[in-house]
Amino acid sequence: MDFSRLKSGTASVWAGETEIFPEGSHTVPIVNTVTFAYKDLEEWHEVAKGNRDGHIYSRNTNPTVSVLEEKIRVLEKAESAASFASGMAAISNTLFALLKPGSRVVSIKDSYGGTSRLFLEFLPRFNIEVTLCETGDHEQMEKEIAKGCDLVYLETPTNPTLKILDLERLSGAAKKVAAVTVVDNTFASPVNQNPLLLGADLVIHSATKYLGGHSDTLCGLVCGRRELVHQIFLFREINGASLNPETAYNVIRGMKTLEIRVERQNHNAMQIAKFLDSHSKVDKVFYPGLESHRGHEIAKKQMRGFGGILSFELKGGYDAVKTVLHNLKLVHLAASLGSVSTLAGTPRTTSHVELTEAQRKELGISESLVRYSVGIENTEDLINDLSEALDLLG
Ligand SMILES: *Cc1c(COP(=O)(O)O)cnc(C)c1O
């Protein structure tokens, strides 16, 4: 089926599933097999040589996993897609497949914690140079990219203060020096943002978050230009960070409700951001949908919705954070984001746990900051919950 004219809500239900499955199964069968049997040695040989479609061994390809890959390929308007056991597996396989000793990467200081560790600790061991720019300083990034680099690694909105990068502008700068642009699109989800349409070459998702949507499954996805995805796929076959079919099924099922979940989360987050923004106990609210947000104009240009994550600083420091978070009823205090249920945490317990208070301060991360990943609950119930907890502050 040609999905190019259809919207994401339709694609997330039907992509990869328009054919009827064996035995007339309406849902995707979980093909729980490691290996695939052939009656004919010549046919097996043809498949093994890649001259004919088919599966050989599930570390390489599996029919259930292929359906998931087709879904993200269509949703991100990509040529090709590959899946992984986690978001970090997708990120590390991408970097190690595309870079080599002497390569140079330009990225931002606010990328996901695990990605930062790769940049600061692991890639330098292989003599790969990484330059991390101030997040949101587009002039500095353009200067660093123009010096020459092989890969530009971007993330927008970022954790935890939802900074916004101009994807068209930065992928344009990367093109001038023939660098590959990779965008981690986890926070936005394909419902709100399609980096490939803005000039990126590859998009990465931690499908653990919005795509799976229920905080019950780890999964990573990469999609984009065919030859780049193929290079990454060949590395993953050997690296072995493959997705198993049962997990793929969980993500496929989650993805069917992606659009309605994300639309609700966009709405909830916007209403909650406005409520907090006008609350006397709240110092600052970080949400790209607010006109006061530094990246609002760029976000408006490149996103269809502003996402389900916001953060805010309370008056009264860490004590106020404890009072409010310990008294919220409709939230789990936990890492992760993008689930149907609301999750909240602080940088000192999640993304920036390894830093000292002074180091966090240097990054502009206050001890009174709360990250709030909005679920699909009723908007009024969430606002009432926050309102009651905030009322406890003296
Ligand atoms: C969670 C996350 C990752 C890592 O994904 P896992 O599935 O936990 O390995 C990468 N990038 C972003 C933006 C994330 O939020």
# chains A, B, ... in the order shown; residues from 1 in each chain; ligands from 1
>>> residues_near_ligand(ligand="ligand 1", cutoff="6 Å", atoms="only C-alpha atoms and all ligand atoms", output="PyMOL selection string")
chain A and resi 86-88+112+186-187+206+208+218-220
>>> atom_distance(atom1="CA of Leu363 (chain A)", atom2="CA of Ile128 (chain A)")
24.2 Å
>>> closest_residue(among="A:Pro195, A:Gly338, A:Gly289, A:Gly102", to="Arg261 (chain A)", atoms="only C-alpha atoms")
A:Gly338
>>> select_by_dssp(residues="region 64-150 of chain A", states="strand (DSSP E)", output="list in words")
Ser80, Ala81, Ala82, Ser83, Phe84, Arg104, Val105, Val106, Ser107, Ile108, Glu129, Val130, Thr131, Leu132 and Cys133 of chain A
>>> residues_around(residues="Leu198 (chain A)", least_positions_apart="5", cutoff="10 Å", atoms="only C-alpha atoms", output="compact mmCIF listing (two decimals) with C-alpha atoms, in the first residue's frame")
# COMPACT_ATOMS: atom_id res chain seq x y z
CA ASP A 166 16.86 23.99 14.37
CA LEU A 167 17.13 20.73 12.43
CA GLU A 168 16.93 22.26 8.96
CA ARG A 169 19.69 24.77 9.73
CA LEU A 170 22.07 22.25 11.36
CA SER A 171 21.56 19.45 8.83
CA GLY A 172 22.18 22.09 6.13
CA GLN A 193 8.36 15.71 14.21
CA GLN A 302 9.47 22.14 12.78
>>> closest_residue(among="A:Ile232, A:Leu310, A:Val106, A:Val340", to="Lys209 (chain A)", atoms="only C-alpha atoms")
A:Val340
>>> closest_atom_pairs(of="region 134-190 of chain A", to="region 63-78 of chain A", cutoff="10 Å", atoms="only C-alpha atoms", output="tab-separated table")
residue	atom	partner	partner_atom	distance
A:Asn185	CA	A:Glu76	CA	9.8
A:Ser189	CA	A:Glu76	CA	9.2
A:Pro190	CA	A:Glu76	CA	6.0
>>> residues_around(residues="Asn192 (chain A)", least_positions_apart="4", cutoff="7 Å", atoms="only C-alpha atoms", output="VMD selection string")
chain A and resid 188 303 to 307
>>> residues_around(residues="His45 (chain A)", least_positions_apart="6", cutoff="12 Å", atoms="only C-alpha atoms", output="JSON, numbers by chain")
{"A": [37, 38, 39, 51, 52, 53, 54, 55, 56]}
>>> residues_around(residues="region 147-152 of chain A", least_positions_apart="6", cutoff="7 Å", atoms="only C-alpha atoms", output="PDB file with all heavy atoms, in the first residue's frame")
ATOM      1  N   SER A 103      37.794   9.817  12.990  1.00  0.00           N
ATOM      2  CA  SER A 103      36.533  10.507  12.688  1.00  0.00           C
ATOM      3  C   SER A 103      36.289  11.616  13.712  1.00  0.00           C
ATOM      4  O   SER A 103      36.806  11.576  14.833  1.00  0.00           O
ATOM      5  CB  SER A 103      35.345   9.545  12.778  1.00  0.00           C
ATOM      6  OG  SER A 103      35.402   8.562  11.791  1.00  0.00           O
ATOM      7  N   ARG A 104      35.459  12.594  13.301  1.00  0.00           N
ATOM      8  CA  ARG A 104      35.105  13.677  14.228  1.00  0.00           C
ATOM      9  C   ARG A 104      33.584  13.828  14.283  1.00  0.00           C
ATOM     10  O   ARG A 104      32.910  13.817  13.245  1.00  0.00           O
ATOM     11  CB  ARG A 104      35.759  14.982  13.768  1.00  0.00           C
ATOM     12  CG  ARG A 104      35.393  16.179  14.638  1.00  0.00           C
ATOM     13  CD  ARG A 104      36.340  17.363  14.405  1.00  0.00           C
ATOM     14  NE  ARG A 104      36.006  18.449  15.307  1.00  0.00           N
ATOM     15  CZ  ARG A 104      35.239  19.501  14.990  1.00  0.00           C
ATOM     16  NH1 ARG A 104      34.743  19.615  13.767  1.00  0.00           N
ATOM     17  NH2 ARG A 104      34.979  20.422  15.885  1.00  0.00           N
ATOM     18  N   VAL A 105      33.059  13.962  15.510  1.00  0.00           N
ATOM     19  CA  VAL A 105      31.621  14.117  15.746  1.00  0.00           C
ATOM     20  C   VAL A 105      31.382  15.485  16.362  1.00  0.00           C
ATOM     21  O   VAL A 105      32.127  15.912  17.241  1.00  0.00           O
ATOM     22  CB  VAL A 105      31.114  13.036  16.737  1.00  0.00           C
ATOM     23  CG1 VAL A 105      29.617  13.214  17.027  1.00  0.00           C
ATOM     24  CG2 VAL A 105      31.398  11.637  16.208  1.00  0.00           C
ATOM     25  N   VAL A 106      30.331  16.176  15.897  1.00  0.00           N
ATOM     26  CA  VAL A 106      29.910  17.408  16.562  1.00  0.00           C
ATOM     27  C   VAL A 106      28.518  17.152  17.134  1.00  0.00           C
ATOM     28  O   VAL A 106      27.623  16.661  16.433  1.00  0.00           O
ATOM     29  CB  VAL A 106      29.880  18.606  15.592  1.00  0.00           C
ATOM     30  CG1 VAL A 106      29.309  19.851  16.284  1.00  0.00           C
ATOM     31  CG2 VAL A 106      31.284  18.894  15.056  1.00  0.00           C
ATOM     32  N   SER A 107      28.355  17.457  18.429  1.00  0.00           N
ATOM     33  CA  SER A 107      27.059  17.244  19.067  1.00  0.00           C
ATOM     34  C   SER A 107      26.824  18.314  20.135  1.00  0.00           C
ATOM     35  O   SER A 107      27.491  19.355  20.129  1.00  0.00           O
ATOM     36  CB  SER A 107      26.983  15.826  19.651  1.00  0.00           C
ATOM     37  OG  SER A 107      25.672  15.556  20.106  1.00  0.00           O
ATOM     38  N   ALA A 174      25.685  20.538   8.062  1.00  0.00           N
ATOM     39  CA  ALA A 174      26.359  19.233   7.959  1.00  0.00           C
ATOM     40  C   ALA A 174      26.547  18.833   6.499  1.00  0.00           C
ATOM     41  O   ALA A 174      27.601  18.296   6.118  1.00  0.00           O
ATOM     42  CB  ALA A 174      25.550  18.175   8.693  1.00  0.00           C
ATOM     43  N   VAL A 177      29.650  20.019   4.604  1.00  0.00           N
ATOM     44  CA  VAL A 177      30.940  19.332   4.818  1.00  0.00           C
ATOM     45  C   VAL A 177      30.788  17.816   4.626  1.00  0.00           C
ATOM     46  O   VAL A 177      31.642  17.042   5.052  1.00  0.00           O
ATOM     47  CB  VAL A 177      31.532  19.650   6.216  1.00  0.00           C
ATOM     48  CG1 VAL A 177      31.870  21.131   6.333  1.00  0.00           C
ATOM     49  CG2 VAL A 177      30.586  19.233   7.339  1.00  0.00           C
ATOM     50  N   ALA A 179      28.888  15.707   6.044  1.00  0.00           N
ATOM     51  CA  ALA A 179      28.732  14.922   7.275  1.00  0.00           C
ATOM     52  C   ALA A 179      27.334  14.331   7.330  1.00  0.00           C
ATOM     53  O   ALA A 179      26.388  14.908   6.796  1.00  0.00           O
ATOM     54  CB  ALA A 179      28.966  15.807   8.494  1.00  0.00           C
ATOM     55  N   VAL A 180      27.212  13.183   7.990  1.00  0.00           N
ATOM     56  CA  VAL A 180      25.924  12.529   8.178  1.00  0.00           C
ATOM     57  C   VAL A 180      25.228  13.161   9.393  1.00  0.00           C
ATOM     58  O   VAL A 180      25.856  13.334  10.430  1.00  0.00           O
ATOM     59  CB  VAL A 180      26.139  11.020   8.431  1.00  0.00           C
ATOM     60  CG1 VAL A 180      24.852  10.341   8.878  1.00  0.00           C
ATOM     61  CG2 VAL A 180      26.698  10.353   7.183  1.00  0.00           C
ATOM     62  N   THR A 181      23.942  13.520   9.243  1.00  0.00           N
ATOM     63  CA  THR A 181      23.188  14.068  10.380  1.00  0.00           C
ATOM     64  C   THR A 181      22.301  12.978  10.982  1.00  0.00           C
ATOM     65  O   THR A 181      21.477  12.386  10.283  1.00  0.00           O
ATOM     66  CB  THR A 181      22.301  15.246   9.936  1.00  0.00           C
ATOM     67  OG1 THR A 181      23.134  16.239   9.348  1.00  0.00           O
ATOM     68  CG2 THR A 181      21.556  15.843  11.120  1.00  0.00           C
ATOM     69  N   VAL A 182      22.497  12.737  12.278  1.00  0.00           N
ATOM     70  CA  VAL A 182      21.706  11.750  13.015  1.00  0.00           C
ATOM     71  C   VAL A 182      20.882  12.493  14.058  1.00  0.00           C
ATOM     72  O   VAL A 182      21.414  13.333  14.780  1.00  0.00           O
ATOM     73  CB  VAL A 182      22.629  10.737  13.730  1.00  0.00           C
ATOM     74  CG1 VAL A 182      21.800   9.684  14.466  1.00  0.00           C
ATOM     75  CG2 VAL A 182      23.590  10.084  12.751  1.00  0.00           C
TER      76      VAL A 182
END
>>> closest_residue(among="A:Lys256, A:Arg5, A:Arg371, A:Lys163", to="Ala269 (chain A)", atoms="only C-alpha atoms")
A:Arg371
>>> decode(residues="region 156-292 of chain A", atoms="C-alpha atoms", output="short mmCIF file (atom, residue, chain, number, x, y, z; two decimals), in the first residue's frame")
data_model
loop_
_atom_site.label_atom_id
_atom_site.label_comp_id
_atom_site.auth_asym_id
_atom_site.auth_seq_id
_atom_site.Cartn_x
_atom_site.Cartn_y
_atom_site.Cartn_z
CA THR A 156 15.50 18.01 20.12
CA PRO A 157 13.68 18.69 22.43
CA THR A 158 16.40 17.88 24.97
CA ASN A 159 16.39 16.56 28.49
CA PRO A 160 15.61 18.04 31.03
CA THR A 161 14.98 21.66 29.98
CA LEU A 162 13.44 20.99 26.56
CA LYS A 163 15.92 23.04 24.53
CA ILE A 164 15.20 23.17 20.79
CA LEU A 165 17.62 22.77 17.89
CA ASP A 166 16.86 23.99 14.37
CA LEU A 167 17.13 20.73 12.43
CA GLU A 168 16.93 22.26 8.96
CA ARG A 169 19.69 24.77 9.73
CA LEU A 170 22.07 22.25 11.36
CA SER A 171 21.56 19.45 8.83
CA GLY A 172 22.18 22.09 6.13
CA ALA A 173 25.50 22.94 7.77
CA ALA A 174 26.36 19.23 7.96
CA LYS A 175 25.61 18.73 4.26
CA LYS A 176 28.13 21.43 3.31
CA VAL A 177 30.94 19.33 4.82
CA ALA A 178 29.41 16.00 3.68
CA ALA A 179 28.73 14.92 7.27
CA VAL A 180 25.92 12.53 8.18
CA THR A 181 23.19 14.07 10.38
CA VAL A 182 21.71 11.75 13.01
CA VAL A 183 18.72 12.88 15.10
CA ASP A 184 17.44 11.20 18.27
CA ASN A 185 13.70 11.82 17.84
CA THR A 186 12.59 10.03 21.01
CA PHE A 187 11.15 13.07 22.83
CA ALA A 188 9.07 14.31 19.88
CA SER A 189 7.93 10.95 18.43
CA PRO A 190 7.13 10.72 14.69
CA VAL A 191 3.68 12.17 15.38
CA ASN A 192 5.18 15.55 16.29
CA GLN A 193 8.36 15.71 14.21
CA ASN A 194 9.95 14.04 11.16
CA PRO A 195 13.67 14.95 11.07
CA LEU A 196 14.23 13.24 7.69
CA LEU A 197 11.89 15.80 6.08
CA LEU A 198 14.05 18.55 7.61
CA GLY A 199 17.29 17.25 6.07
CA ALA A 200 18.53 14.60 8.51
CA ASP A 201 20.00 11.34 7.16
CA LEU A 202 19.12 9.06 10.07
CA VAL A 203 16.55 9.09 12.86
CA ILE A 204 16.91 7.14 16.10
CA HIS A 205 14.17 6.23 18.59
CA SER A 206 14.24 4.76 22.02
CA ALA A 207 10.98 2.89 21.29
CA THR A 208 11.00 2.17 25.03
CA LYS A 209 9.31 5.57 25.37
CA TYR A 210 6.45 6.87 23.16
CA LEU A 211 6.44 4.16 20.47
CA GLY A 212 5.98 1.29 22.92
CA GLY A 213 4.10 3.71 25.13
CA HIS A 214 3.45 1.55 28.18
CA SER A 215 6.84 1.40 29.96
CA ASP A 216 6.87 -2.39 29.66
CA THR A 217 9.35 -2.94 26.83
CA LEU A 218 12.89 -1.90 25.89
CA CYS A 219 13.48 -1.34 22.16
CA GLY A 220 15.51 0.86 19.82
CA LEU A 221 14.99 1.80 16.15
CA VAL A 222 17.07 3.46 13.45
CA CYS A 223 15.71 4.57 10.08
CA GLY A 224 16.72 6.78 7.19
CA ARG A 225 18.92 6.53 4.10
CA ARG A 226 19.10 2.98 2.77
CA GLU A 227 22.85 2.63 2.47
CA LEU A 228 23.50 4.01 5.96
CA VAL A 229 20.85 1.79 7.59
CA HIS A 230 22.32 -1.19 5.74
CA GLN A 231 25.78 -0.44 7.12
CA ILE A 232 24.32 -0.28 10.65
CA PHE A 233 22.29 -3.46 10.07
CA LEU A 234 25.43 -5.36 9.00
CA PHE A 235 27.17 -4.25 12.20
CA ARG A 236 24.17 -5.26 14.35
CA GLU A 237 24.08 -8.74 12.81
CA ILE A 238 27.54 -9.29 14.25
CA ASN A 239 27.26 -7.09 17.34
CA GLY A 240 24.14 -9.10 18.21
CA ALA A 241 21.99 -6.38 19.83
CA SER A 242 18.93 -7.74 18.00
CA LEU A 243 15.31 -7.40 19.08
CA ASN A 244 13.39 -10.54 19.97
CA PRO A 245 10.00 -11.19 18.30
CA GLU A 246 7.92 -11.07 21.51
CA THR A 247 9.29 -7.64 22.32
CA ALA A 248 8.70 -6.52 18.74
CA TYR A 249 5.07 -7.55 19.11
CA ASN A 250 4.68 -5.44 22.26
CA VAL A 251 6.01 -2.39 20.44
CA ILE A 252 3.82 -3.07 17.36
CA ARG A 253 0.76 -3.20 19.62
CA GLY A 254 1.82 -0.03 21.41
CA MET A 255 2.39 1.80 18.14
CA LYS A 256 -1.19 1.30 16.99
CA THR A 257 -2.34 3.88 19.54
CA LEU A 258 0.67 6.18 19.07
CA GLU A 259 -1.16 9.08 17.46
CA ILE A 260 -4.08 9.22 19.89
CA ARG A 261 -1.75 8.88 22.86
CA VAL A 262 0.64 11.59 21.69
CA GLU A 263 -2.17 13.99 20.74
CA ARG A 264 -3.63 13.59 24.25
CA GLN A 265 -0.18 14.01 25.81
CA ASN A 266 0.48 17.16 23.73
CA HIS A 267 -2.82 18.56 24.98
CA ASN A 268 -2.25 17.59 28.63
CA ALA A 269 1.30 18.98 28.65
CA MET A 270 0.20 22.29 27.14
CA GLN A 271 -2.60 22.76 29.68
CA ILE A 272 -0.35 21.77 32.59
CA ALA A 273 2.45 24.07 31.37
CA LYS A 274 0.00 27.00 31.29
CA PHE A 275 -1.35 26.12 34.74
CA LEU A 276 2.14 25.91 36.26
CA ASP A 277 3.30 29.04 34.44
CA SER A 278 0.69 31.12 36.24
CA HIS A 279 1.14 29.44 39.66
CA SER A 280 2.66 31.51 42.46
CA LYS A 281 4.79 28.63 43.86
CA VAL A 282 6.40 27.89 40.49
CA ASP A 283 9.48 29.83 39.45
CA LYS A 284 9.96 28.74 35.81
CA VAL A 285 8.32 26.37 33.36
CA PHE A 286 10.20 24.80 30.45
CA TYR A 287 7.86 23.73 27.65
CA PRO A 288 8.43 24.50 23.95
CA GLY A 289 4.72 25.20 23.50
CA LEU A 290 4.90 28.28 25.73
CA GLU A 291 5.59 31.51 23.85
CA SER A 292 8.08 32.46 26.57
#
